[in-house]
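K.L.:
Can you read through this structure? Questions will come right after.
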Amino acid sequence: MRPKSISLDQEKQMIQLYLSGKKIKEIMTITGIKSEQTIYRLLDENNIPRRPKIESKKVSFTATKEVLSILQDKEDISMFINNAIMAFN
C-alpha cells in the first residue's frame, strides 16, 4: 500500500471549501490536490454528501452599467442571478 499523498490539513481544507460551495476545480487549485477523483473519494470517506447536479442551460443577456457594477464583485455570477430570480419569482 502506498503512503497517503494528501495531508490531513489538505483534507480538512478541502472539506471546508467543498461545504462552503467552492467548485471542485477551485478546490484543486487552492489545496494542491491534483485529482477530482481523490476529492470525491475523500468526501465519501468522510461521509460528506455530494451536492446535487444542477440541470443547466447557458443563456446570454445584455446588462446595464448598473447591473455590471453589481455583478463584478460576485464570485459565482450564475448562482447569484439564479438566487435573485428565484427570490423575485
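Residues in the C-alpha cells are named by chain (A, B, ... in the order shown) and by number from 1 within that chain; ligands are numbered from 1 in the order shown.
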If you run DSSP on the backbone here, which positions in chain A get helix (DSSP H, G or I)? Please write them as a VMD selection string.

P.N.:
chain A and resid 8 to 19 24 to 31 36 to 45 65 to 71 77 to 88

K.L.:
With only C-alpha atoms as the counted atoms, please give the residues lying no more than 12 Å from Glu75 in chain A, apart from itself and same-chain residues fewer than 6 positions off, as a ChimeraX atom specification.

P.N.:
/A:21-23,26,81

K.L.:
Would you output that residue set with N, CA, C and O atoms, as a PDB file, in the first residue's frame?

P.N.:
```pdb
ATOM      1  N   GLY A  21     -19.210  25.589  -0.690  1.00  0.00           N
ATOM      2  CA  GLY A  21     -19.772  25.753  -2.022  1.00  0.00           C
ATOM      3  C   GLY A  21     -18.768  25.957  -3.137  1.00  0.00           C
ATOM      4  O   GLY A  21     -19.161  26.189  -4.280  1.00  0.00           O
ATOM      5  N   LYS A  22     -17.474  25.885  -2.830  1.00  0.00           N
ATOM      6  CA  LYS A  22     -16.461  26.051  -3.877  1.00  0.00           C
ATOM      7  C   LYS A  22     -16.567  24.933  -4.896  1.00  0.00           C
ATOM      8  O   LYS A  22     -16.954  23.812  -4.580  1.00  0.00           O
ATOM      9  N   LYS A  23     -16.226  25.261  -6.140  1.00  0.00           N
ATOM     10  CA  LYS A  23     -16.239  24.270  -7.211  1.00  0.00           C
ATOM     11  C   LYS A  23     -15.012  23.373  -7.084  1.00  0.00           C
ATOM     12  O   LYS A  23     -13.980  23.771  -6.541  1.00  0.00           O
ATOM     13  N   GLU A  26     -11.748  24.771  -8.304  1.00  0.00           N
ATOM     14  CA  GLU A  26     -11.215  25.774  -7.373  1.00  0.00           C
ATOM     15  C   GLU A  26     -10.550  25.095  -6.183  1.00  0.00           C
ATOM     16  O   GLU A  26      -9.478  25.515  -5.743  1.00  0.00           O
ATOM     17  N   ILE A  81     -27.352  35.198  -9.905  1.00  0.00           N
ATOM     18  CA  ILE A  81     -28.504  35.500 -10.765  1.00  0.00           C
ATOM     19  C   ILE A  81     -29.640  34.507 -10.528  1.00  0.00           C
ATOM     20  O   ILE A  81     -30.802  34.893 -10.426  1.00  0.00           O
TER      21      ILE A  81
END
```

K.L.:
Taking 2 positions as the minimum chain separation for residues in the same chain, which residues sit within 9 Å of range 3-12 of chain A when counting only C-alpha atoms? Answer as a list of chain:residue names.

P.N.:
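Returned residues: A:Met1, A:Met14, A:Ile15, A:Gln16, A:Leu17, A:Thr31, A:Gly32, A:Ile33, A:Ile39, A:Leu42, A:Leu43.
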
K.L.:
With N, CA and C atoms retained, could you export that selection as a short mmCIF file (atom, residue, chain, number, x, y, z; two decimals), in the first residue's frame?

P.N.:
```
data_model
loop_
_atom_site.label_atom_id
_atom_site.label_comp_id
_atom_site.auth_asym_id
_atom_site.auth_seq_id
_atom_site.Cartn_x
_atom_site.Cartn_y
_atom_site.Cartn_z
N MET A 1 0.85 -1.19 0.00
CA MET A 1 0.00 0.00 0.00
C MET A 1 0.90 1.25 0.00
N MET A 14 -9.96 20.94 2.18
CA MET A 14 -10.79 20.54 1.05
C MET A 14 -12.24 20.39 1.49
N ILE A 15 -12.47 19.77 2.63
CA ILE A 15 -13.84 19.58 3.13
C ILE A 15 -14.49 20.92 3.41
N GLN A 16 -13.77 21.83 4.07
CA GLN A 16 -14.32 23.16 4.37
C GLN A 16 -14.69 23.90 3.08
N LEU A 17 -13.79 23.84 2.10
CA LEU A 17 -14.05 24.52 0.84
C LEU A 17 -15.26 23.92 0.12
N THR A 31 -6.00 23.78 -2.77
CA THR A 31 -5.41 22.77 -1.88
C THR A 31 -4.19 22.07 -2.47
N GLY A 32 -4.05 22.13 -3.79
CA GLY A 32 -2.96 21.39 -4.42
C GLY A 32 -3.29 19.93 -4.67
N ILE A 33 -4.53 19.53 -4.40
CA ILE A 33 -4.96 18.17 -4.71
C ILE A 33 -5.13 18.09 -6.22
N ILE A 39 -10.63 13.92 -4.57
CA ILE A 39 -11.55 14.75 -3.78
C ILE A 39 -12.84 14.00 -3.51
N LEU A 42 -12.25 11.24 -0.94
CA LEU A 42 -12.13 11.77 0.42
C LEU A 42 -13.47 12.24 0.96
N LEU A 43 -14.29 12.84 0.11
CA LEU A 43 -15.63 13.23 0.54
C LEU A 43 -16.43 11.99 0.97
#
```

K.L.:
Figure out the distance between CA of Lys34 in chain A and CA of Asn47 in chain A, please, to one decimal in Å.

P.N.:
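Taking CA of Asn47 in chain A and CA of Lys34 in chain A, their separation equals 20.9 Å.
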
K.L.:
Just want the 12 Å neighbourhood of Phe80 in chain A, counted on only C-alpha atoms, with same-chain residues fewer than 6 positions away dropped. Output as a ChimeraX atom specification.

P.N.:
/A:67,70-74,86-87

K.L.:
Keeping only N, CA and C atoms, write the selected residues as a short mmCIF file (atom, residue, chain, number, x, y, z; two decimals), in the first residue's frame.

P.N.:
```
data_model
loop_
_atom_site.label_atom_id
_atom_site.label_comp_id
_atom_site.auth_asym_id
_atom_site.auth_seq_id
_atom_site.Cartn_x
_atom_site.Cartn_y
_atom_site.Cartn_z
N VAL A 67 -26.06 47.07 -13.52
CA VAL A 67 -26.07 45.62 -13.26
C VAL A 67 -24.64 45.08 -13.32
N ILE A 70 -22.83 45.64 -10.15
CA ILE A 70 -23.25 44.72 -9.08
C ILE A 70 -22.60 43.36 -9.28
N LEU A 71 -22.59 42.88 -10.51
CA LEU A 71 -22.08 41.54 -10.81
C LEU A 71 -20.56 41.42 -10.68
N GLN A 72 -19.84 42.51 -10.87
CA GLN A 72 -18.38 42.42 -10.89
C GLN A 72 -17.79 41.91 -9.57
N ASP A 73 -18.47 42.10 -8.46
CA ASP A 73 -17.96 41.67 -7.16
C ASP A 73 -18.43 40.27 -6.76
N LYS A 74 -19.27 39.66 -7.56
CA LYS A 74 -19.82 38.35 -7.21
C LYS A 74 -18.87 37.24 -7.63
N MET A 86 -35.03 33.54 -8.36
CA MET A 86 -35.91 32.72 -7.52
C MET A 86 -36.53 33.54 -6.39
N ALA A 87 -35.78 34.48 -5.83
CA ALA A 87 -36.31 35.34 -4.77
C ALA A 87 -37.38 36.28 -5.31
#
```
